[in-house]
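Okay, structure first, notes after.
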Number of protein chains: 4
Amino acid sequence: MKHHNQALLVEKLPAYLAHLHAEIKNDKGGEVASYIPELAKVDPETFAISVRLMNGSVVSVGNSAAEFSLQSISKPFVYSLALAELGPERVHQSVGVEPTGNSFNSIVELEEKSHLPYNPLINSGAIAISSLIPGQSFEERVEKIRSFLSNCAGRSLSINETIFASEKLTAHRNRAIANLMRYFNVLADPIEESLDIYFKQCSLQLNCEDLATMAATLANNGVNPLSHARILPSSHLQSVLSLMFTCGMYDSAGEWAFNVGIPAKSGVCGGIIGVVPGIMGISVYSPRLDSKGHSVRGLEVFKRMSKDLGLSLFAMGNGENL
Amino acid sequence: MKHHNQALLVEKLPAYLAHLHAEIKNDKGGEVASYIPELAKVDPETFAISVRLMNGSVVSVGNSAAEFSLQSISKPFVYSLALAELGPERVHQSVGVEPTGNSFNSIVELEEKSHLPYNPLINSGAIAISSLIPGQSFEERVEKIRSFLSNCAGRSLSINETIFASEKLTAHRNRAIANLMRYFNVLADPIEESLDIYFKQCSLQLNCEDLATMAATLANNGVNPLSHARILPSSHLQSVLSLMFTCGMYDSAGEWAFNVGIPAKSGVCGGIIGVVPGIMGISVYSPRLDSKGHSVRGLEVFKRMSKDLGLSLFAMGNGENL
Amino acid sequence: MKHHNQALLVEKLPAYLAHLHAEIKNDKGGEVASYIPELAKVDPETFAISVRLMNGSVVSVGNSAAEFSLQSISKPFVYSLALAELGPERVHQSVGVEPTGNSFNSIVELEEKSHLPYNPLINSGAIAISSLIPGQSFEERVEKIRSFLSNCAGRSLSINETIFASEKLTAHRNRAIANLMRYFNVLADPIEESLDIYFKQCSLQLNCEDLATMAATLANNGVNPLSHARILPSSHLQSVLSLMFTCGMYDSAGEWAFNVGIPAKSGVCGGIIGVVPGIMGISVYSPRLDSKGHSVRGLEVFKRMSKDLGLSLFAMGNGENL
Amino acid sequence: MKHHNQALLVEKLPAYLAHLHAEIKNDKGGEVASYIPELAKVDPETFAISVRLMNGSVVSVGNSAAEFSLQSISKPFVYSLALAELGPERVHQSVGVEPTGNSFNSIVELEEKSHLPYNPLINSGAIAISSLIPGQSFEERVEKIRSFLSNCAGRSLSINETIFASEKLTAHRNRAIANLMRYFNVLADPIEESLDIYFKQCSLQLNCEDLATMAATLANNGVNPLSHARILPSSHLQSVLSLMFTCGMYDSAGEWAFNVGIPAKSGVCGGIIGVVPGIMGISVYSPRLDSKGHSVRGLEVFKRMSKDLGLSLFAMGNGENL
């Protein structure tokens, strides 16, 4: 993996991804998320794969311009912003660094002793992180997040207010989690504002190629490979990537590490991003989900790419050839 | 990390490790394991660090010749042997690949639905793996393990029969786990023989430098850097290392990934090994354990080395300079 | 127990209770509930015992006129009201009849499969029950509860609005539970109104003698022994008393059944009521609580009375003599 | 309930039970236990109901002479014997008095803090109790149990050695539990002997009418209503009956208390006994079990009898007329 040739990748990826896309497109398994009405309105057939390389070039197949909301894929990026704004010490007074073994929206997701959320990539932890983002007003805090994530994507992203309204209306479980955190003084008043910030970040609208750029910014040690702007201090990457590796795929973490082996994050929008440090950012978008909330085709794309391209952090040079 | 210069490491490691050893030696925290009487007899002050590089050279500080029993550090190696003998498909009919979030000897360590052990690096999974090692007789099966682990260490290791007898006598919890697996038909009769094979592998006697060689064999893609013999097919390394990464440190997996970031395995003997692919095998031996069963000084050594040398898989070149 | 002579009890109880009160008064163990500020303002030394017999007579010792808020002791009575208003079939579409083994305010108190609250006497179940009480308006629904509980007590009780305001302000955990029930469609919108009804019933103000009358109404098969009014249809008593027996003391149910053996309900106000069918209603008030939320002196009073008077449902005539 | 007329019961029960038997016989639901091969050999159609009254008379319908093994119904009786032999203080150093909320053979059935079995009526607790029965030899200890249970049944019962051998051979789960208790020093060596004593008591052979007599001995305050011999000190009945009430039906305890409301014990043989203090001992035998291990027809018989005869401890005179 370490010696993946970028020029060679640019040359060979288009045919490889086209082939992969054609094969996996036939998999109609899974169900589109319906827990908020707006999410259920997407076209279930949409299927895109994008790879952004470190030299800034991108290879995409399928409907890579179809837009959707960011959902949980926002979590590692807002965590990155919190690290940049407040430093790791302050941030980890509010959230831990342990995987949970539970599903993404478990109510039992506070540590038994500390009552802190287990990590920043489950709902409780992400809400706690969102509540930490500083600012003079709600609007300023939301804008700080929107702006940071736009920088990661390399273009200005906007919030889908219809999605936001739908999230807010039906967020009974997240509201339960927030009240429980308030009970344990992990979250401060007003919790409804913290929830709103979280719903706003989940409602950012973008396409598959934007996602690949965001992943590539993490793969490129915090520098956006398109804009060449440093988005994140190099020193925070280890924190972000290690948490994505152990906690990014919820209770599929073990199988993902075993079969794919790269830092990743999945969202109920049907997107999955993967970070291959120094090599590429990968994104897949296909909205039909398995029972754990992961894109069915997305999982298959990552398994195949990891094996075919030897992307696993533990691959040690196996399978490097396309 | 990717460009760690082996020659530079050989030159600088002796002074670095001597300094680290001197500092951490003052930490008297933790308790020597006493769950079997023989384990309690070791000198709690013993403290050794060894690093074996890919060119075969070794740097050791402290009592690196002090011998102890292998205990749970045997687990990834016997799992490797099982992969080599039976192939991954057969092996993973008997054990899963998921971390548990529980402690190393939890009785609740069978998956709720399949009733399989969660992974090969907890006691239930390791006993299931040991039961799979084929052979005409008990003696032949034990010899196969002893011989394989000796090849990893680069010298002939022997079983400490006093430790074995002590393990066998007091193994009430492991016997409970084995009977529960027998109940679910995960383990076949005679379960006492499977337990004995497991106790034998735990009782292999070696020193800290041997451990470093074993770790280095994994770091060197399955080839012992001392003997240059291929011990393990290259294709199995990804399985072994990814499981060590997610499951090797039990319920400290998240914190380990966050702070250290390399595949590892800990044992109640007081040893910890770490694998830095393509760079080095690291071992620490110091028998005083924390409440989770990890060597107190061992944890500290790994945290410091990972930070100082930039060893984390997610470090991307930070901290490379000694 | 079955032949407890009421006349004899009237004669002997005053001296017996006075002696008991004097002895147990010395126990200063436990802590006054502080989860809402108002509760923490009571005099921790207050200690009253009242026994209401089936002939309407009452025996009280200590500060039996000291007032406090009803808290969880409201639960079996509002459950009784729901049975009377809606019938058992409708009520048990919303709550189960199983003890939980968890503490009184566990967040994990919804059944795994049905997502219903385990029973009407834990917070989730009580909130679900309160939400079922019918009425044209919030005020009418609250009045229905106030009026029903007043009838049980034999005098008009009023709601302590300071307590209510304090409950409402700090009810993060109950609000978490309500949102989780809303998520599972166990609770309908508006959940804040259901919570307010629940807080109102918890805020009813009364004294120890009132509590004894309420317990005696249950002991007297649903007829208030003071007013001789039938409050509850006889056919619902079995439901109310069996649930008080198995679920009324939260996770102390087994020990309570073993040592005391009568239907009971405890509240964080420091009150405990016990129902000896056909014989008496007992109440104790002493605000210092053990770690499970039960009045420390209250528990001791009940243990002693059950043993001395042979009150257990399983006593079969033992210990009947004072 | 308290005024149930024994003469009236003798007169009316035969027709009532015949009618009940005829109706419930049509229920073919459930599966015969197969966890030991010998248990699977019974005729699934067998169905008997017996009621033994306090005057010694018995009313039986169906195959009341069909023999089967006692299984878990032995638990409250061997617990009674332990109380008689050692006193409650010693006995409850080894087992608790709390229901578990888990199924009858849960492996997680030791209390988290004390590591004691939750109560004497689950497998772990029953094995701990059996291990306490004193005697000079294994044979003497088994004979003490056989003899005590025979006295409860009013005739000499013998052990079915084929059942015993089958139990012993396939007891992987009970052996797991015993080893776990050995680990926590709740059980002393040799644990295999304690298990054998437990398997022997489970293998006692008897018929439905014997069971009714055993239940009636408990209902009659410890005096066998046939032989008029006192089997159990009156002072221990409260302990036995309260534990049967809260723990005798495993995780169906709440529903049983709510719908039936009498102390009871169920066994995988397909038997259930119920104790109506001062009135009657009831037994049902029908080997098809529901998913929780209770006789399907047995549950239905008890629900119907409790309602029709007003047997619940909380019934307060309702439904007394046949």
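Just so we're on the same page: first chain in the structure tokens is A, next is B, and so on; residues restart at 1 for each chain, and ligands are numbered from 1 in the order they show up.
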
- Task: Show me which bits of chain D are within 9 Å of chain C, counting only C-alpha atoms, as a ChimeraX atom specification.
- Result: /D:2,96-101,221,234-235,237-243,245-247,251-255,257-259,261,277-278,312-316,318

Give the helix (DSSP H, G or I) residues of region 14-135 of chain B, as assigned by DSSP on the backbone, as an mmCIF file with N, CA, C and O atoms, in the first residue's frame.
```
data_model
loop_
_atom_site.group_PDB
_atom_site.id
_atom_site.type_symbol
_atom_site.label_atom_id
_atom_site.label_comp_id
_atom_site.auth_asym_id
_atom_site.auth_seq_id
_atom_site.Cartn_x
_atom_site.Cartn_y
_atom_site.Cartn_z
ATOM 1 N N PRO B 14 19.382 2.304 21.315
ATOM 2 C CA PRO B 14 19.951 1.930 22.635
ATOM 3 C C PRO B 14 19.851 3.053 23.659
ATOM 4 O O PRO B 14 19.361 2.836 24.772
ATOM 5 N N ALA B 15 20.237 4.243 23.292
ATOM 6 C CA ALA B 15 20.184 5.352 24.254
ATOM 7 C C ALA B 15 18.741 5.709 24.589
ATOM 8 O O ALA B 15 18.387 5.935 25.758
ATOM 9 N N TYR B 16 17.897 5.717 23.550
ATOM 10 C CA TYR B 16 16.484 6.060 23.774
ATOM 11 C C TYR B 16 15.832 5.078 24.741
ATOM 12 O O TYR B 16 15.171 5.487 25.715
ATOM 13 N N LEU B 17 16.030 3.773 24.480
ATOM 14 C CA LEU B 17 15.375 2.761 25.332
ATOM 15 C C LEU B 17 15.953 2.771 26.745
ATOM 16 O O LEU B 17 15.225 2.564 27.726
ATOM 17 N N ALA B 18 17.244 3.015 26.862
ATOM 18 C CA ALA B 18 17.875 3.063 28.194
ATOM 19 C C ALA B 18 17.260 4.198 29.017
ATOM 20 O O ALA B 18 16.934 4.035 30.204
ATOM 21 N N HIS B 19 17.064 5.316 28.377
ATOM 22 C CA HIS B 19 16.462 6.473 29.037
ATOM 23 C C HIS B 19 15.010 6.174 29.455
ATOM 24 O O HIS B 19 14.595 6.438 30.580
ATOM 25 N N LEU B 20 14.267 5.590 28.513
ATOM 26 C CA LEU B 20 12.864 5.239 28.769
ATOM 27 C C LEU B 20 12.769 4.248 29.933
ATOM 28 O O LEU B 20 11.953 4.400 30.852
ATOM 29 N N HIS B 21 13.616 3.219 29.908
ATOM 30 C CA HIS B 21 13.646 2.185 30.934
ATOM 31 C C HIS B 21 13.924 2.801 32.299
ATOM 32 O O HIS B 21 13.254 2.482 33.298
ATOM 33 N N ALA B 22 14.890 3.708 32.326
ATOM 34 C CA ALA B 22 15.272 4.337 33.598
ATOM 35 C C ALA B 22 14.109 5.146 34.179
ATOM 36 O O ALA B 22 13.844 5.100 35.390
ATOM 37 N N GLU B 23 13.422 5.863 33.318
ATOM 38 C CA GLU B 23 12.306 6.679 33.799
ATOM 39 C C GLU B 23 11.134 5.847 34.296
ATOM 40 O O GLU B 23 10.565 6.092 35.354
ATOM 41 N N ILE B 24 10.770 4.856 33.492
ATOM 42 C CA ILE B 24 9.544 4.106 33.778
ATOM 43 C C ILE B 24 9.765 3.082 34.896
ATOM 44 O O ILE B 24 8.836 2.654 35.569
ATOM 45 N N PRO B 37 -1.033 -19.770 41.474
ATOM 46 C CA PRO B 37 0.037 -19.563 42.455
ATOM 47 C C PRO B 37 1.411 -19.376 41.807
ATOM 48 O O PRO B 37 2.190 -18.513 42.232
ATOM 49 N N GLU B 38 1.690 -20.128 40.746
ATOM 50 C CA GLU B 38 3.012 -20.052 40.135
ATOM 51 C C GLU B 38 3.315 -18.652 39.581
ATOM 52 O O GLU B 38 4.437 -18.172 39.646
ATOM 53 N N LEU B 39 2.286 -18.010 39.035
ATOM 54 C CA LEU B 39 2.504 -16.679 38.465
ATOM 55 C C LEU B 39 2.948 -15.671 39.515
ATOM 56 O O LEU B 39 3.688 -14.734 39.238
ATOM 57 N N ALA B 40 2.467 -15.881 40.752
ATOM 58 C CA ALA B 40 2.739 -14.930 41.823
ATOM 59 C C ALA B 40 4.186 -14.985 42.303
ATOM 60 O O ALA B 40 4.626 -14.148 43.082
ATOM 61 N N LYS B 41 4.925 -16.010 41.826
ATOM 62 C CA LYS B 41 6.288 -16.198 42.332
ATOM 63 C C LYS B 41 7.347 -15.352 41.622
ATOM 64 O O LYS B 41 8.505 -15.366 42.020
ATOM 65 N N GLN B 71 1.531 -17.201 28.404
ATOM 66 C CA GLN B 71 0.117 -16.885 28.691
ATOM 67 C C GLN B 71 -0.646 -16.428 27.430
ATOM 68 O O GLN B 71 -0.453 -17.028 26.377
ATOM 69 N N SER B 72 -1.436 -15.395 27.529
ATOM 70 C CA SER B 72 -2.325 -15.011 26.416
ATOM 71 C C SER B 72 -1.601 -14.511 25.176
ATOM 72 O O SER B 72 -2.217 -14.393 24.115
ATOM 73 N N ILE B 73 -0.308 -14.204 25.310
ATOM 74 C CA ILE B 73 0.416 -13.748 24.115
ATOM 75 C C ILE B 73 0.525 -14.899 23.111
ATOM 76 O O ILE B 73 0.779 -14.689 21.927
ATOM 77 N N SER B 74 0.293 -16.121 23.579
ATOM 78 C CA SER B 74 0.269 -17.261 22.656
ATOM 79 C C SER B 74 -0.900 -17.184 21.669
ATOM 80 O O SER B 74 -0.845 -17.772 20.591
ATOM 81 N N LYS B 75 -1.962 -16.447 22.040
ATOM 82 C CA LYS B 75 -3.204 -16.522 21.258
ATOM 83 C C LYS B 75 -3.067 -16.128 19.786
ATOM 84 O O LYS B 75 -3.494 -16.882 18.905
ATOM 85 N N PRO B 76 -2.465 -14.970 19.451
ATOM 86 C CA PRO B 76 -2.384 -14.657 18.014
ATOM 87 C C PRO B 76 -1.517 -15.642 17.242
ATOM 88 O O PRO B 76 -1.732 -15.851 16.046
ATOM 89 N N PHE B 77 -0.545 -16.256 17.918
ATOM 90 C CA PHE B 77 0.346 -17.185 17.210
ATOM 91 C C PHE B 77 -0.335 -18.532 16.962
ATOM 92 O O PHE B 77 -0.225 -19.101 15.881
ATOM 93 N N VAL B 78 -1.075 -19.028 17.948
ATOM 94 C CA VAL B 78 -1.790 -20.294 17.720
ATOM 95 C C VAL B 78 -2.931 -20.069 16.720
ATOM 96 O O VAL B 78 -3.236 -20.947 15.908
ATOM 97 N N TYR B 79 -3.506 -18.862 16.746
ATOM 98 C CA TYR B 79 -4.488 -18.520 15.705
ATOM 99 C C TYR B 79 -3.824 -18.538 14.322
ATOM 100 O O TYR B 79 -4.385 -19.083 13.355
ATOM 101 N N SER B 80 -2.604 -17.998 14.234
ATOM 102 C CA SER B 80 -1.864 -18.028 12.965
ATOM 103 C C SER B 80 -1.632 -19.458 12.509
ATOM 104 O O SER B 80 -1.798 -19.786 11.325
ATOM 105 N N LEU B 81 -1.239 -20.318 13.453
ATOM 106 C CA LEU B 81 -1.020 -21.732 13.133
ATOM 107 C C LEU B 81 -2.302 -22.372 12.615
ATOM 108 O O LEU B 81 -2.285 -23.119 11.626
ATOM 109 N N ALA B 82 -3.421 -22.054 13.271
ATOM 110 C CA ALA B 82 -4.704 -22.624 12.839
ATOM 111 C C ALA B 82 -5.050 -22.167 11.424
ATOM 112 O O ALA B 82 -5.525 -22.960 10.600
ATOM 113 N N LEU B 83 -4.797 -20.883 11.121
ATOM 114 C CA LEU B 83 -5.030 -20.391 9.756
ATOM 115 C C LEU B 83 -4.185 -21.169 8.760
ATOM 116 O O LEU B 83 -4.669 -21.556 7.680
ATOM 117 N N ALA B 84 -2.915 -21.401 9.114
ATOM 118 C CA ALA B 84 -2.000 -22.087 8.205
ATOM 119 C C ALA B 84 -2.425 -23.544 8.020
ATOM 120 O O ALA B 84 -2.354 -24.093 6.919
ATOM 121 N N GLU B 85 -2.887 -24.172 9.088
ATOM 122 C CA GLU B 85 -3.238 -25.602 9.022
ATOM 123 C C GLU B 85 -4.588 -25.838 8.368
ATOM 124 O O GLU B 85 -4.799 -26.827 7.677
ATOM 125 N N LEU B 86 -5.567 -24.946 8.655
ATOM 126 C CA LEU B 86 -6.956 -25.243 8.278
ATOM 127 C C LEU B 86 -7.581 -24.234 7.326
ATOM 128 O O LEU B 86 -8.651 -24.478 6.765
ATOM 129 N N GLY B 87 -6.945 -23.092 7.166
ATOM 130 C CA GLY B 87 -7.522 -22.043 6.309
ATOM 131 C C GLY B 87 -8.512 -21.199 7.071
ATOM 132 O O GLY B 87 -9.137 -21.655 8.029
ATOM 133 N N PRO B 88 -8.679 -19.933 6.638
ATOM 134 C CA PRO B 88 -9.529 -18.989 7.376
ATOM 135 C C PRO B 88 -11.008 -19.421 7.420
ATOM 136 O O PRO B 88 -11.686 -19.173 8.414
ATOM 137 N N GLU B 89 -11.479 -20.082 6.369
ATOM 138 C CA GLU B 89 -12.905 -20.417 6.324
ATOM 139 C C GLU B 89 -13.266 -21.361 7.472
ATOM 140 O O GLU B 89 -14.203 -21.105 8.232
ATOM 141 N N ARG B 90 -12.478 -22.438 7.618
ATOM 142 C CA ARG B 90 -12.753 -23.404 8.693
ATOM 143 C C ARG B 90 -12.591 -22.754 10.076
ATOM 144 O O ARG B 90 -13.438 -22.937 10.953
ATOM 145 N N VAL B 91 -11.521 -21.970 10.224
ATOM 146 C CA VAL B 91 -11.240 -21.361 11.529
ATOM 147 C C VAL B 91 -12.403 -20.453 11.950
ATOM 148 O O VAL B 91 -12.858 -20.500 13.097
ATOM 149 N N ASN B 123 -10.324 -15.631 25.921
ATOM 150 C CA ASN B 123 -10.129 -17.006 26.362
ATOM 151 C C ASN B 123 -11.005 -18.010 25.612
ATOM 152 O O ASN B 123 -10.514 -19.043 25.152
ATOM 153 N N SER B 124 -12.301 -17.719 25.493
ATOM 154 C CA SER B 124 -13.181 -18.681 24.825
ATOM 155 C C SER B 124 -12.704 -18.957 23.403
ATOM 156 O O SER B 124 -12.606 -20.111 22.979
ATOM 157 N N GLY B 125 -12.382 -17.882 22.675
ATOM 158 C CA GLY B 125 -11.945 -18.045 21.300
ATOM 159 C C GLY B 125 -10.625 -18.788 21.208
ATOM 160 O O GLY B 125 -10.432 -19.632 20.323
ATOM 161 N N ALA B 126 -9.716 -18.511 22.125
ATOM 162 C CA ALA B 126 -8.410 -19.160 22.099
ATOM 163 C C ALA B 126 -8.545 -20.646 22.401
ATOM 164 O O ALA B 126 -7.858 -21.481 21.800
ATOM 165 N N ILE B 127 -9.450 -20.998 23.327
ATOM 166 C CA ILE B 127 -9.667 -22.416 23.636
ATOM 167 C C ILE B 127 -10.271 -23.114 22.414
ATOM 168 O O ILE B 127 -9.877 -24.225 22.044
ATOM 169 N N ALA B 128 -11.213 -22.428 21.749
ATOM 170 C CA ALA B 128 -11.806 -23.006 20.540
ATOM 171 C C ALA B 128 -10.752 -23.203 19.461
ATOM 172 O O ALA B 128 -10.729 -24.231 18.778
ATOM 173 N N ILE B 129 -9.840 -22.229 19.312
ATOM 174 C CA ILE B 129 -8.764 -22.343 18.319
ATOM 175 C C ILE B 129 -7.839 -23.505 18.668
ATOM 176 O O ILE B 129 -7.504 -24.325 17.810
ATOM 177 N N SER B 130 -7.440 -23.609 19.932
ATOM 178 C CA SER B 130 -6.542 -24.690 20.350
ATOM 179 C C SER B 130 -7.171 -26.044 20.051
ATOM 180 O O SER B 130 -6.484 -26.990 19.654
ATOM 181 N N SER B 131 -8.491 -26.127 20.226
ATOM 182 C CA SER B 131 -9.171 -27.413 19.999
ATOM 183 C C SER B 131 -9.148 -27.810 18.525
ATOM 184 O O SER B 131 -9.376 -28.973 18.192
ATOM 185 N N LEU B 132 -8.894 -26.833 17.653
ATOM 186 C CA LEU B 132 -8.901 -27.129 16.206
ATOM 187 C C LEU B 132 -7.566 -27.646 15.684
ATOM 188 O O LEU B 132 -7.504 -28.236 14.599
#
```

- Message: Set the distance at 12 Å and use only C-alpha atoms: which residues neighbour Gly267 (chain B) once local chain neighbours fewer than 5 positions away are removed? I'd like the list as a ChimeraX atom specification.
- Response: /B:32-33,39,68-76,104-105,121-123,202-203,211,248-250,272-273,283-290,292-296,298-299

Store the residues picked out above in a file with C-alpha atoms, as a compact mmCIF listing (two decimals), in the first residue's frame.
```txt
# COMPACT_ATOMS: atom_id res chain seq x y z
CA VAL B 32 1.51 -9.25 40.02
CA ALA B 33 -1.13 -11.76 38.79
CA LEU B 39 2.50 -16.68 38.46
CA PHE B 68 8.38 -16.20 32.14
CA SER B 69 5.38 -18.03 30.71
CA LEU B 70 3.76 -16.87 27.49
CA GLN B 71 0.12 -16.88 28.69
CA SER B 72 -2.33 -15.01 26.42
CA ILE B 73 0.42 -13.75 24.11
CA SER B 74 0.27 -17.26 22.66
CA LYS B 75 -3.20 -16.52 21.26
CA PRO B 76 -2.38 -14.66 18.01
CA PHE B 104 -10.33 -10.92 29.09
CA ASN B 105 -12.01 -13.66 31.06
CA LEU B 121 -7.89 -13.45 21.29
CA ILE B 122 -10.22 -13.85 24.27
CA ASN B 123 -10.13 -17.01 26.36
CA CYS B 202 0.12 -20.65 27.92
CA SER B 203 2.95 -22.39 29.78
CA LEU B 211 8.93 -12.16 22.43
CA GLY B 248 -5.56 -7.73 21.37
CA MET B 249 -5.87 -5.36 24.32
CA TYR B 250 -9.36 -6.54 25.44
CA ILE B 272 3.00 -6.99 25.89
CA ILE B 273 4.05 -7.29 22.26
CA SER B 283 8.17 -6.46 23.59
CA VAL B 284 8.01 -5.30 27.16
CA TYR B 285 8.07 -7.49 30.25
CA SER B 286 7.16 -6.20 33.69
CA PRO B 287 4.82 -8.35 35.76
CA ARG B 288 2.85 -5.78 37.76
CA LEU B 289 -0.62 -5.49 36.16
CA ASP B 290 -3.37 -2.91 36.16
CA LYS B 292 -7.53 -4.88 33.29
CA GLY B 293 -4.62 -7.32 33.32
CA HIS B 294 -2.07 -5.26 31.37
CA SER B 295 1.51 -4.63 32.49
CA VAL B 296 1.52 -1.14 34.01
CA GLY B 298 4.34 -2.06 29.52
CA LEU B 299 1.45 0.27 28.73
```

- Just list the residues in region 22-259 of chain A DSSP gives strand (DSSP E or B) on the backbone, as a list in words. Glu31, Val32, Ala48, Ile49, Ser50, Val51, Arg52, Leu53, Val58, Val59, Ser60, Val61, Gly62, Glu67, Phe68, Ser69, Leu110, Pro117, Ser158, Ile159, Leu204, Gln205, Leu206, Asn207, Val223 and Arg230 of chain A

- With distances taken over only C-alpha atoms, which of D:Ala264, D:Val61, D:Ile231, D:Ile191 is nearest to Ala153 (chain D)? D:Ile231

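Within the 12 Å cut-off around Glu193 (chain C), using only C-alpha atoms and omitting residues fewer than 5 positions from it on the same chain, the listed residues are Ile127, Ala128, Ser130, Ser131, Leu132, Ile133, Ser137, Phe138, Glu139, Arg141, Val142, Lys168, Arg175, Ala178, Leu187, Ala188, Tyr198, Phe199 and Lys200 of chain C.
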
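Across the model, the gap from CA of Pro233 (chain C) to CA of Val58 (chain C) is 23.8 Å.
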